[in-house]
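Before any comments, here is the structure.
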Amino acid sequence: MSGKGSGRVSIAGLTCYRPGQRSRLIYRTIVHRGRKNERRSFSERDYIALLDAAHQQLGAPIVYWDNLNTHVSAAMRQMIDARDWLTVIRLPAYAPELTLKPDTT
C-alpha cells in the first residue's frame, strides 16, 4: 500500500491452528520510506523476529514455508537451524494434486 510521499507498507503473517482452540493470525508490518539504502521488503531477520514472537505466544512447533528467496537463503537456513523448536516444511512451487476440489457426489 502506498500513497504520495508516504512510502510503502509490507506485511508478513502466520496463521496458527491448534486443535480445540480458535485460529490466530500473528503479523508484523514494516513501513518503507524510500530512503537511501533502505530495504524495500522484509529481511531474514524480520521474518525470524516474527517466528520468534509466534513461538513466544504459541510454542509453535511447525511452520509451513514457501520458496520466496528470503525464506531459502543461507542466512535464513542458519537462523532456522539454531531454533530446535522450529520445523520447516518446504512447499512445492506448484502442486495441483494438493488443490482441494469440491465434492461432486
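Each chain of the C-alpha cells is named A, B, ... in the order shown, its residues numbered from 1; ligands are numbered from 1 in display order.
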Who sits within 10 Å of A:Arg90, only C-alpha atoms, same chain under 4 positions skipped, as a ChimeraX atom specification
/A:63-67,71-72
Applying 12 Å and only C-alpha atoms, which residues near A:Ser23 remain after dropping the ones on its own chain fewer than 6 positions away? List them as a PDB file with N, CA and C atoms, in the first residue's frame.
```pdb
ATOM      1  N   LEU A  14       1.459 -15.098   9.942  1.00  0.00           N
ATOM      2  CA  LEU A  14       1.316 -16.535  10.155  1.00  0.00           C
ATOM      3  C   LEU A  14      -0.116 -16.809  10.578  1.00  0.00           C
ATOM      4  N   THR A  15      -0.729 -17.805   9.989  1.00  0.00           N
ATOM      5  CA  THR A  15      -1.998 -18.288  10.517  1.00  0.00           C
ATOM      6  C   THR A  15      -1.678 -19.476  11.396  1.00  0.00           C
ATOM      7  N   CYS A  16      -2.232 -19.508  12.575  1.00  0.00           N
ATOM      8  CA  CYS A  16      -1.867 -20.506  13.577  1.00  0.00           C
ATOM      9  C   CYS A  16      -3.104 -21.306  13.968  1.00  0.00           C
ATOM     10  N   TYR A  17      -2.963 -22.618  13.928  1.00  0.00           N
ATOM     11  CA  TYR A  17      -4.071 -23.514  14.248  1.00  0.00           C
ATOM     12  C   TYR A  17      -3.629 -24.530  15.278  1.00  0.00           C
ATOM     13  N   LEU A  58       2.864 -18.963  21.180  1.00  0.00           N
ATOM     14  CA  LEU A  58       2.216 -20.242  20.926  1.00  0.00           C
ATOM     15  C   LEU A  58       3.043 -21.472  21.239  1.00  0.00           C
TER      16      LEU A  58
END
```
Please list as a PyMOL selection string every residue within 9 Å of stretch 29-46 of chain A, counting only C-alpha atoms and excluding residues in the same chain fewer than 6 positions away.
chain A and resi 5-13+70-71+73+75-76+79
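The two atoms in question, atom CA of A:Asn69 and atom CA of A:Gln56, are spaced 25.5 Å apart.
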DSSP helix (DSSP H, G or I) residues within chain A, listed as a ChimeraX atom specification:
/A:44-58,69-71,74-81,96-98
Could those residues be written to a file, using N, CA and C atoms, as a PDB file, in the first residue's frame?
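The new file again.pdb reads:
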```pdb
ATOM      1  N   GLU A  44      15.627 -11.402   6.284  1.00  0.00           N
ATOM      2  CA  GLU A  44      15.644 -12.660   7.029  1.00  0.00           C
ATOM      3  C   GLU A  44      15.441 -12.409   8.518  1.00  0.00           C
ATOM      4  N   ARG A  45      16.107 -11.381   9.035  1.00  0.00           N
ATOM      5  CA  ARG A  45      15.973 -11.069  10.471  1.00  0.00           C
ATOM      6  C   ARG A  45      14.541 -10.663  10.823  1.00  0.00           C
ATOM      7  N   ASP A  46      13.865  -9.963   9.935  1.00  0.00           N
ATOM      8  CA  ASP A  46      12.466  -9.586  10.183  1.00  0.00           C
ATOM      9  C   ASP A  46      11.574 -10.825  10.258  1.00  0.00           C
ATOM     10  N   TYR A  47      11.785 -11.773   9.322  1.00  0.00           N
ATOM     11  CA  TYR A  47      10.989 -13.000   9.343  1.00  0.00           C
ATOM     12  C   TYR A  47      11.277 -13.825  10.590  1.00  0.00           C
ATOM     13  N   ILE A  48      12.532 -13.941  10.972  1.00  0.00           N
ATOM     14  CA  ILE A  48      12.879 -14.696  12.177  1.00  0.00           C
ATOM     15  C   ILE A  48      12.288 -14.031  13.420  1.00  0.00           C
ATOM     16  N   ALA A  49      12.298 -12.698  13.469  1.00  0.00           N
ATOM     17  CA  ALA A  49      11.692 -11.996  14.608  1.00  0.00           C
ATOM     18  C   ALA A  49      10.197 -12.319  14.701  1.00  0.00           C
ATOM     19  N   LEU A  50       9.525 -12.420  13.554  1.00  0.00           N
ATOM     20  CA  LEU A  50       8.118 -12.803  13.538  1.00  0.00           C
ATOM     21  C   LEU A  50       7.936 -14.227  14.061  1.00  0.00           C
ATOM     22  N   LEU A  51       8.781 -15.153  13.620  1.00  0.00           N
ATOM     23  CA  LEU A  51       8.700 -16.533  14.102  1.00  0.00           C
ATOM     24  C   LEU A  51       8.999 -16.628  15.596  1.00  0.00           C
ATOM     25  N   ASP A  52       9.987 -15.878  16.058  1.00  0.00           N
ATOM     26  CA  ASP A  52      10.309 -15.876  17.494  1.00  0.00           C
ATOM     27  C   ASP A  52       9.125 -15.355  18.310  1.00  0.00           C
ATOM     28  N   ALA A  53       8.478 -14.310  17.830  1.00  0.00           N
ATOM     29  CA  ALA A  53       7.308 -13.760  18.529  1.00  0.00           C
ATOM     30  C   ALA A  53       6.172 -14.787  18.555  1.00  0.00           C
ATOM     31  N   ALA A  54       5.961 -15.475  17.434  1.00  0.00           N
ATOM     32  CA  ALA A  54       4.924 -16.509  17.389  1.00  0.00           C
ATOM     33  C   ALA A  54       5.252 -17.629  18.362  1.00  0.00           C
ATOM     34  N   HIS A  55       6.510 -18.024  18.419  1.00  0.00           N
ATOM     35  CA  HIS A  55       6.920 -19.075  19.349  1.00  0.00           C
ATOM     36  C   HIS A  55       6.671 -18.649  20.793  1.00  0.00           C
ATOM     37  N   GLN A  56       6.959 -17.412  21.112  1.00  0.00           N
ATOM     38  CA  GLN A  56       6.723 -16.907  22.466  1.00  0.00           C
ATOM     39  C   GLN A  56       5.233 -16.967  22.813  1.00  0.00           C
ATOM     40  N   GLN A  57       4.381 -16.681  21.843  1.00  0.00           N
ATOM     41  CA  GLN A  57       2.940 -16.684  22.097  1.00  0.00           C
ATOM     42  C   GLN A  57       2.332 -18.082  22.067  1.00  0.00           C
ATOM     43  N   LEU A  58       2.864 -18.963  21.180  1.00  0.00           N
ATOM     44  CA  LEU A  58       2.216 -20.242  20.926  1.00  0.00           C
ATOM     45  C   LEU A  58       3.043 -21.472  21.239  1.00  0.00           C
ATOM     46  N   ASN A  69      12.726 -16.169  -2.059  1.00  0.00           N
ATOM     47  CA  ASN A  69      14.189 -16.182  -1.946  1.00  0.00           C
ATOM     48  C   ASN A  69      14.679 -15.863  -0.535  1.00  0.00           C
ATOM     49  N   THR A  70      14.017 -14.979   0.171  1.00  0.00           N
ATOM     50  CA  THR A  70      14.425 -14.643   1.540  1.00  0.00           C
ATOM     51  C   THR A  70      14.232 -15.835   2.479  1.00  0.00           C
ATOM     52  N   HIS A  71      13.258 -16.688   2.198  1.00  0.00           N
ATOM     53  CA  HIS A  71      12.962 -17.821   3.067  1.00  0.00           C
ATOM     54  C   HIS A  71      13.933 -18.979   2.886  1.00  0.00           C
ATOM     55  N   ALA A  74      20.854 -18.727   2.661  1.00  0.00           N
ATOM     56  CA  ALA A  74      21.789 -19.341   3.610  1.00  0.00           C
ATOM     57  C   ALA A  74      21.637 -18.722   5.001  1.00  0.00           C
ATOM     58  N   ALA A  75      21.439 -17.415   5.059  1.00  0.00           N
ATOM     59  CA  ALA A  75      21.264 -16.746   6.356  1.00  0.00           C
ATOM     60  C   ALA A  75      20.014 -17.265   7.066  1.00  0.00           C
ATOM     61  N   MET A  76      18.924 -17.449   6.332  1.00  0.00           N
ATOM     62  CA  MET A  76      17.689 -17.959   6.934  1.00  0.00           C
ATOM     63  C   MET A  76      17.880 -19.402   7.384  1.00  0.00           C
ATOM     64  N   ARG A  77      18.568 -20.202   6.597  1.00  0.00           N
ATOM     65  CA  ARG A  77      18.825 -21.596   6.969  1.00  0.00           C
ATOM     66  C   ARG A  77      19.572 -21.666   8.300  1.00  0.00           C
ATOM     67  N   GLN A  78      20.574 -20.804   8.493  1.00  0.00           N
ATOM     68  CA  GLN A  78      21.326 -20.773   9.753  1.00  0.00           C
ATOM     69  C   GLN A  78      20.414 -20.384  10.922  1.00  0.00           C
ATOM     70  N   MET A  79      19.563 -19.395  10.710  1.00  0.00           N
ATOM     71  CA  MET A  79      18.662 -18.962  11.781  1.00  0.00           C
ATOM     72  C   MET A  79      17.643 -20.048  12.119  1.00  0.00           C
ATOM     73  N   ILE A  80      17.153 -20.762  11.100  1.00  0.00           N
ATOM     74  CA  ILE A  80      16.215 -21.860  11.336  1.00  0.00           C
ATOM     75  C   ILE A  80      16.910 -22.983  12.099  1.00  0.00           C
ATOM     76  N   ASP A  81      18.120 -23.343  11.672  1.00  0.00           N
ATOM     77  CA  ASP A  81      18.862 -24.435  12.320  1.00  0.00           C
ATOM     78  C   ASP A  81      19.165 -24.143  13.788  1.00  0.00           C
ATOM     79  N   PRO A  96      -0.713 -29.135  -8.219  1.00  0.00           N
ATOM     80  CA  PRO A  96      -2.158 -29.200  -8.455  1.00  0.00           C
ATOM     81  C   PRO A  96      -2.820 -30.386  -7.747  1.00  0.00           C
ATOM     82  N   GLU A  97      -2.055 -31.449  -7.473  1.00  0.00           N
ATOM     83  CA  GLU A  97      -2.646 -32.594  -6.785  1.00  0.00           C
ATOM     84  C   GLU A  97      -3.007 -32.280  -5.334  1.00  0.00           C
ATOM     85  N   LEU A  98      -2.490 -31.198  -4.784  1.00  0.00           N
ATOM     86  CA  LEU A  98      -2.811 -30.802  -3.411  1.00  0.00           C
ATOM     87  C   LEU A  98      -3.981 -29.829  -3.348  1.00  0.00           C
TER      88      LEU A  98
END
```
